[in-house]
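Q: Provided below: structure.csv, containing CSV, N, CA and C atoms.
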```
chain,number,residue,atom,x,y,z
Q,20,MET,N,2.6,14.0,-13.4
Q,20,MET,CA,3.8,14.5,-12.8
Q,20,MET,C,4.4,13.4,-11.9
Q,21,GLY,N,5.7,13.2,-12.1
Q,21,GLY,CA,6.3,12.1,-11.3
Q,21,GLY,C,6.9,12.7,-10.0
Q,22,ALA,N,7.2,11.8,-9.1
Q,22,ALA,CA,7.8,12.2,-7.8
Q,22,ALA,C,9.2,12.5,-8.1
Q,23,VAL,N,9.7,13.5,-7.3
Q,23,VAL,CA,11.1,13.8,-7.4
Q,23,VAL,C,11.7,13.6,-6.1
Q,24,LEU,N,12.3,12.4,-5.9
Q,24,LEU,CA,12.9,12.0,-4.6
Q,24,LEU,C,14.4,11.8,-4.9
Q,25,SER,N,15.2,12.5,-4.1
Q,25,SER,CA,16.7,12.4,-4.2
Q,25,SER,C,17.1,11.0,-3.6
Q,26,VAL,N,18.3,10.7,-3.8
Q,26,VAL,CA,18.9,9.5,-3.2
Q,26,VAL,C,18.8,9.6,-1.7
Q,27,ASP,N,19.1,10.7,-1.1
Q,27,ASP,CA,19.0,10.9,0.3
Q,27,ASP,C,17.6,10.7,0.8
Q,28,ASP,N,16.6,11.2,0.1
Q,28,ASP,CA,15.2,11.1,0.5
Q,28,ASP,C,14.8,9.6,0.5
Q,29,VAL,N,15.2,8.9,-0.5
Q,29,VAL,CA,14.8,7.4,-0.6
Q,29,VAL,C,15.6,6.7,0.5
Q,30,ARG,N,16.8,7.0,0.7
Q,30,ARG,CA,17.6,6.3,1.7
Q,30,ARG,C,17.0,6.6,3.1
Q,31,GLU,N,16.6,7.8,3.4
Q,31,GLU,CA,16.1,8.1,4.7
Q,31,GLU,C,14.7,7.4,4.9
Q,32,GLN,N,13.9,7.3,3.9
Q,32,GLN,CA,12.6,6.6,4.1
Q,32,GLN,C,12.8,5.1,4.2
Q,33,VAL,N,13.7,4.6,3.5
Q,33,VAL,CA,14.0,3.1,3.6
Q,33,VAL,C,14.6,2.8,5.0
Q,34,ALA,N,15.5,3.6,5.5
Q,34,ALA,CA,16.1,3.4,6.8
Q,34,ALA,C,15.0,3.5,7.9
Q,35,ASP,N,14.0,4.5,7.7
Q,35,ASP,CA,12.9,4.6,8.6
Q,35,ASP,C,12.1,3.3,8.6
Q,36,ALA,N,11.8,2.8,7.4
Q,36,ALA,CA,11.0,1.6,7.3
Q,36,ALA,C,11.7,0.4,7.9
Q,37,LEU,N,13.0,0.4,7.9
Q,37,LEU,CA,13.7,-0.7,8.5
Q,37,LEU,C,14.1,-0.5,9.9
Q,38,GLY,N,13.8,0.7,10.4
Q,38,GLY,CA,14.2,1.0,11.8
Q,38,GLY,C,15.7,1.0,12.0
Q,39,GLU,N,16.4,1.5,11.0
Q,39,GLU,CA,17.9,1.5,11.1
Q,39,GLU,C,18.3,3.0,10.9
Q,40,PRO,N,19.5,3.3,11.4
Q,40,PRO,CA,20.1,4.6,11.1
Q,40,PRO,C,20.4,4.8,9.6
Q,41,THR,N,20.1,5.9,9.1
Q,41,THR,CA,20.3,6.2,7.7
Q,41,THR,C,21.7,5.8,7.2
Q,42,GLU,N,22.7,6.0,8.0
Q,42,GLU,CA,24.1,5.7,7.6
Q,42,GLU,C,24.4,4.2,7.4
Q,43,ARG,N,23.5,3.4,7.9
Q,43,ARG,CA,23.7,1.9,7.8
Q,43,ARG,C,23.2,1.4,6.5
Q,44,ILE,N,22.5,2.3,5.7
Q,44,ILE,CA,21.9,1.8,4.5
Q,44,ILE,C,22.8,2.4,3.3
Q,45,GLY,N,23.5,1.5,2.6
Q,45,GLY,CA,24.3,1.9,1.5
Q,45,GLY,C,23.4,2.0,0.2
Q,46,VAL,N,23.8,2.9,-0.6
Q,46,VAL,CA,22.9,3.2,-1.8
Q,46,VAL,C,22.9,2.0,-2.8
Q,47,HIS,N,23.9,1.1,-2.7
Q,47,HIS,CA,23.9,-0.1,-3.5
Q,47,HIS,C,23.6,-1.4,-2.8
Q,48,ASP,N,23.3,-1.3,-1.5
Q,48,ASP,CA,22.9,-2.5,-0.7
Q,48,ASP,C,21.6,-3.1,-1.2
Q,49,ASP,N,21.5,-4.4,-1.2
Q,49,ASP,CA,20.3,-5.1,-1.5
Q,49,ASP,C,19.3,-4.9,-0.3
Q,50,LEU,N,18.3,-4.2,-0.5
Q,50,LEU,CA,17.4,-3.8,0.6
Q,50,LEU,C,16.6,-5.0,1.1
Q,51,LEU,N,16.4,-6.0,0.2
Q,51,LEU,CA,15.7,-7.2,0.7
Q,51,LEU,C,16.6,-8.0,1.6
Q,52,GLU,N,17.9,-8.0,1.3
Q,52,GLU,CA,18.8,-8.7,2.2
Q,52,GLU,C,18.9,-8.0,3.5
Q,53,LEU,N,18.7,-6.7,3.5
Q,53,LEU,CA,18.8,-5.9,4.8
Q,53,LEU,C,17.5,-6.1,5.6
Q,54,GLY,N,16.5,-6.8,5.1
Q,54,GLY,CA,15.3,-7.1,5.8
Q,54,GLY,C,14.1,-6.4,5.4
Q,55,LEU,N,14.1,-5.6,4.3
Q,55,LEU,CA,12.9,-5.0,3.8
Q,55,LEU,C,12.0,-6.0,3.2
Q,56,ASP,N,10.8,-6.2,3.8
Q,56,ASP,CA,9.9,-7.2,3.3
Q,56,ASP,C,8.8,-6.6,2.4
Q,57,SER,N,8.0,-7.4,1.8
Q,57,SER,CA,7.0,-6.9,0.9
Q,57,SER,C,6.0,-6.0,1.5
Q,58,ILE,N,5.7,-6.2,2.8
Q,58,ILE,CA,4.7,-5.3,3.4
Q,58,ILE,C,5.3,-3.9,3.5
Q,59,ARG,N,6.6,-3.8,4.0
Q,59,ARG,CA,7.2,-2.5,4.1
Q,59,ARG,C,7.4,-1.8,2.7
Q,60,LEU,N,7.8,-2.7,1.8
Q,60,LEU,CA,7.9,-2.2,0.4
Q,60,LEU,C,6.6,-1.6,-0.1
Q,61,MET,N,5.5,-2.2,0.1
Q,61,MET,CA,4.2,-1.7,-0.3
Q,61,MET,C,3.9,-0.4,0.4
Q,62,GLY,N,4.3,-0.3,1.7
Q,62,GLY,CA,4.1,1.0,2.4
Q,62,GLY,C,4.9,2.1,1.8
Q,63,LEU,N,6.1,1.9,1.4
Q,63,LEU,CA,6.9,2.9,0.8
Q,63,LEU,C,6.4,3.2,-0.6
Q,64,LEU,N,6.0,2.2,-1.4
Q,64,LEU,CA,5.4,2.5,-2.7
Q,64,LEU,C,4.2,3.3,-2.6
Q,65,GLU,N,3.3,3.0,-1.7
Q,65,GLU,CA,2.1,3.9,-1.5
Q,65,GLU,C,2.4,5.3,-1.2
Q,66,ARG,N,3.4,5.5,-0.3
Q,66,ARG,CA,3.8,6.9,0.1
Q,66,ARG,C,4.3,7.6,-1.2
Q,67,TRP,N,5.1,6.9,-1.9
Q,67,TRP,CA,5.7,7.5,-3.1
Q,67,TRP,C,4.7,7.8,-4.2
Q,68,ARG,N,3.7,6.9,-4.3
Q,68,ARG,CA,2.6,7.1,-5.3
Q,68,ARG,C,1.8,8.4,-4.9
Q,69,GLU,N,1.6,8.6,-3.6
Q,69,GLU,CA,0.9,9.8,-3.1
Q,69,GLU,C,1.7,11.0,-3.5
Q,70,LEU,N,3.0,10.9,-3.7
Q,70,LEU,CA,3.8,12.1,-4.1
Q,70,LEU,C,3.9,12.2,-5.6
Q,71,GLY,N,3.2,11.2,-6.3
Q,71,GLY,CA,3.2,11.3,-7.8
Q,71,GLY,C,4.1,10.3,-8.5
Q,72,ALA,N,4.7,9.3,-7.8
Q,72,ALA,CA,5.5,8.3,-8.4
Q,72,ALA,C,4.7,7.5,-9.4
Q,73,ASP,N,5.3,7.1,-10.5
Q,73,ASP,CA,4.7,6.3,-11.5
Q,73,ASP,C,5.5,5.1,-11.7
Q,74,THR,N,5.4,4.2,-10.7
Q,74,THR,CA,6.2,2.9,-10.7
Q,74,THR,C,5.4,1.8,-10.1
Q,75,SER,N,5.9,0.6,-10.1
Q,75,SER,CA,5.2,-0.5,-9.6
Q,75,SER,C,6.0,-1.3,-8.6
Q,76,PHE,N,5.3,-2.2,-7.9
Q,76,PHE,CA,6.0,-3.1,-7.0
Q,76,PHE,C,7.1,-3.9,-7.7
Q,77,ALA,N,6.7,-4.4,-8.9
Q,77,ALA,CA,7.6,-5.2,-9.7
Q,77,ALA,C,8.9,-4.4,-10.1
Q,78,ASP,N,8.7,-3.1,-10.5
Q,78,ASP,CA,9.8,-2.3,-10.8
Q,78,ASP,C,10.8,-2.2,-9.6
Q,79,LEU,N,10.2,-2.0,-8.4
Q,79,LEU,CA,11.1,-1.8,-7.3
Q,79,LEU,C,11.7,-3.1,-6.9
Q,80,ALA,N,11.0,-4.2,-6.9
Q,80,ALA,CA,11.5,-5.5,-6.5
Q,80,ALA,C,12.6,-6.0,-7.5
Q,81,GLU,N,12.6,-5.6,-8.7
Q,81,GLU,CA,13.5,-6.0,-9.7
Q,81,GLU,C,15.0,-5.6,-9.3
Q,82,THR,N,15.2,-4.4,-8.8
Q,82,THR,CA,16.5,-4.0,-8.4
Q,82,THR,C,16.3,-3.2,-7.1
Q,83,PRO,N,16.4,-4.0,-6.0
Q,83,PRO,CA,16.1,-3.4,-4.7
Q,83,PRO,C,17.2,-2.6,-4.0
Q,84,THR,N,17.6,-1.5,-4.6
Q,84,THR,CA,18.7,-0.7,-4.1
Q,84,THR,C,18.2,0.8,-4.0
Q,85,VAL,N,18.7,1.5,-3.1
Q,85,VAL,CA,18.4,3.0,-3.0
Q,85,VAL,C,18.7,3.7,-4.4
Q,86,ALA,N,19.9,3.4,-4.9
Q,86,ALA,CA,20.3,4.0,-6.2
Q,86,ALA,C,19.3,3.7,-7.3
Q,87,ALA,N,18.9,2.5,-7.5
Q,87,ALA,CA,17.9,2.1,-8.5
Q,87,ALA,C,16.6,2.8,-8.3
Q,88,TRP,N,16.1,2.7,-7.0
Q,88,TRP,CA,14.8,3.3,-6.7
Q,88,TRP,C,14.8,4.8,-6.9
Q,89,SER,N,15.9,5.5,-6.6
Q,89,SER,CA,15.9,6.9,-6.7
Q,89,SER,C,15.8,7.3,-8.2
Q,90,ALA,N,16.5,6.5,-9.1
Q,90,ALA,CA,16.4,6.7,-10.5
Q,90,ALA,C,15.0,6.5,-11.0
Q,91,LEU,N,14.3,5.5,-10.5
Q,91,LEU,CA,12.9,5.2,-10.9
Q,91,LEU,C,12.0,6.4,-10.5
Q,92,LEU,N,12.2,6.8,-9.2
Q,92,LEU,CA,11.3,7.8,-8.6
Q,92,LEU,C,11.6,9.2,-9.1
Q,93,SER,N,12.7,9.4,-9.8
Q,93,SER,CA,13.0,10.8,-10.3
Q,93,SER,C,12.7,10.9,-11.8
Q,94,ARG,N,12.3,9.9,-12.4
Q,94,ARG,CA,12.0,9.9,-13.9
Q,94,ARG,C,10.7,10.6,-14.1
Q,95,PRO,N,10.5,11.2,-15.3
Q,95,PRO,CA,9.2,11.8,-15.6
Q,95,PRO,C,8.1,10.7,-15.7
Q,96,ALA,N,6.9,11.0,-15.4
Q,96,ALA,CA,5.8,10.0,-15.3
Q,96,ALA,C,5.6,9.3,-16.7
Q,97,ASP,N,5.7,10.0,-17.7
Q,97,ASP,CA,5.5,9.4,-19.1
Q,97,ASP,C,6.8,9.2,-19.8
Q,98,GLY,N,7.9,9.0,-19.0
Q,98,GLY,CA,9.2,8.9,-19.7
Q,98,GLY,C,9.8,7.6,-19.6
```
How does the structure come out when it is put into structure tokens?
A:
Amino acid sequence: MGAVLSVDDVREQVADALGEPTERIGVHDDLLELGLDSIRLMGLLERWRELGADTSFADLAETPTVAAWSALLSRPADG
């Protein structure tokens, strides 16, 4: 079973990891350029895996945007 995280869920969690207000994180912003480093990314990934996400660090790092991550995190585990 895969995690089902909305765009808003992902955006809120990323904003929290960055210590920024949610409204400062655009869904198409490059999160690495906004200061999300690999340690914080791993923390988010572990949280999402606990919720059932079936994705990897490389998948997230390939397209580091809220929109792309939300699409990855809402897909079926075997899809």
Q: Of the residues Q:Leu70, Q:Leu64, Q:Leu51, Q:Val23, which is the one nearest to Pro83 (chain Q), using only C-alpha atoms?
A: Q:Leu51
Q: Considering all atoms listed in the file, state which residue in the set Q:Ala77, Q:Met61, Q:Val85, Q:Ala72 is at the smallest distance from Ile44 (chain Q).
A: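 That would be Q:Val85, the residue with the smallest distance to Ile44 (chain Q).
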Q: Kindly indicate which residue among Q:Gly71, Q:Arg30, Q:Leu63, Q:Pro40 lies nearest to Thr84 (chain Q), using only N, CA and C atoms for the distances.
A: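 Selected residue with least distance to Thr84 (chain Q): Q:Arg30.
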Q: Could you give me, as a PyMOL selection string, the residues within 8 Å of Val26 (chain Q), counting all atoms listed in the file and dropping anything in the same chain fewer than 3 positions from it?
A: chain Q and resi 23+29-32+46+85-86+88-90
Q: Write a file of the just-selected residues containing N, CA and C atoms, as a PDB file, keeping the file's coordinate frame.
A:
```
ATOM      1  N   VAL Q  23       9.700  13.500  -7.300  1.00  0.00           N
ATOM      2  CA  VAL Q  23      11.100  13.800  -7.400  1.00  0.00           C
ATOM      3  C   VAL Q  23      11.700  13.600  -6.100  1.00  0.00           C
ATOM      4  N   VAL Q  29      15.200   8.900  -0.500  1.00  0.00           N
ATOM      5  CA  VAL Q  29      14.800   7.400  -0.600  1.00  0.00           C
ATOM      6  C   VAL Q  29      15.600   6.700   0.500  1.00  0.00           C
ATOM      7  N   ARG Q  30      16.800   7.000   0.700  1.00  0.00           N
ATOM      8  CA  ARG Q  30      17.600   6.300   1.700  1.00  0.00           C
ATOM      9  C   ARG Q  30      17.000   6.600   3.100  1.00  0.00           C
ATOM     10  N   GLU Q  31      16.600   7.800   3.400  1.00  0.00           N
ATOM     11  CA  GLU Q  31      16.100   8.100   4.700  1.00  0.00           C
ATOM     12  C   GLU Q  31      14.700   7.400   4.900  1.00  0.00           C
ATOM     13  N   GLN Q  32      13.900   7.300   3.900  1.00  0.00           N
ATOM     14  CA  GLN Q  32      12.600   6.600   4.100  1.00  0.00           C
ATOM     15  C   GLN Q  32      12.800   5.100   4.200  1.00  0.00           C
ATOM     16  N   VAL Q  46      23.800   2.900  -0.600  1.00  0.00           N
ATOM     17  CA  VAL Q  46      22.900   3.200  -1.800  1.00  0.00           C
ATOM     18  C   VAL Q  46      22.900   2.000  -2.800  1.00  0.00           C
ATOM     19  N   VAL Q  85      18.700   1.500  -3.100  1.00  0.00           N
ATOM     20  CA  VAL Q  85      18.400   3.000  -3.000  1.00  0.00           C
ATOM     21  C   VAL Q  85      18.700   3.700  -4.400  1.00  0.00           C
ATOM     22  N   ALA Q  86      19.900   3.400  -4.900  1.00  0.00           N
ATOM     23  CA  ALA Q  86      20.300   4.000  -6.200  1.00  0.00           C
ATOM     24  C   ALA Q  86      19.300   3.700  -7.300  1.00  0.00           C
ATOM     25  N   TRP Q  88      16.100   2.700  -7.000  1.00  0.00           N
ATOM     26  CA  TRP Q  88      14.800   3.300  -6.700  1.00  0.00           C
ATOM     27  C   TRP Q  88      14.800   4.800  -6.900  1.00  0.00           C
ATOM     28  N   SER Q  89      15.900   5.500  -6.600  1.00  0.00           N
ATOM     29  CA  SER Q  89      15.900   6.900  -6.700  1.00  0.00           C
ATOM     30  C   SER Q  89      15.800   7.300  -8.200  1.00  0.00           C
ATOM     31  N   ALA Q  90      16.500   6.500  -9.100  1.00  0.00           N
ATOM     32  CA  ALA Q  90      16.400   6.700 -10.500  1.00  0.00           C
ATOM     33  C   ALA Q  90      15.000   6.500 -11.000  1.00  0.00           C
TER      34      ALA Q  90
END
```
Q: Between CA of Arg66 (chain Q) and CA of Asp35 (chain Q), measure the distance and give it in Å to one decimal.
A: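 Result for CA of Arg66 (chain Q) versus CA of Asp35 (chain Q): 12.7 Å, one decimal.
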Q: So how many Å separate CA of Arg68 (chain Q) and atom C of Leu91 (chain Q), to one decimal?
A: 10.8 Å
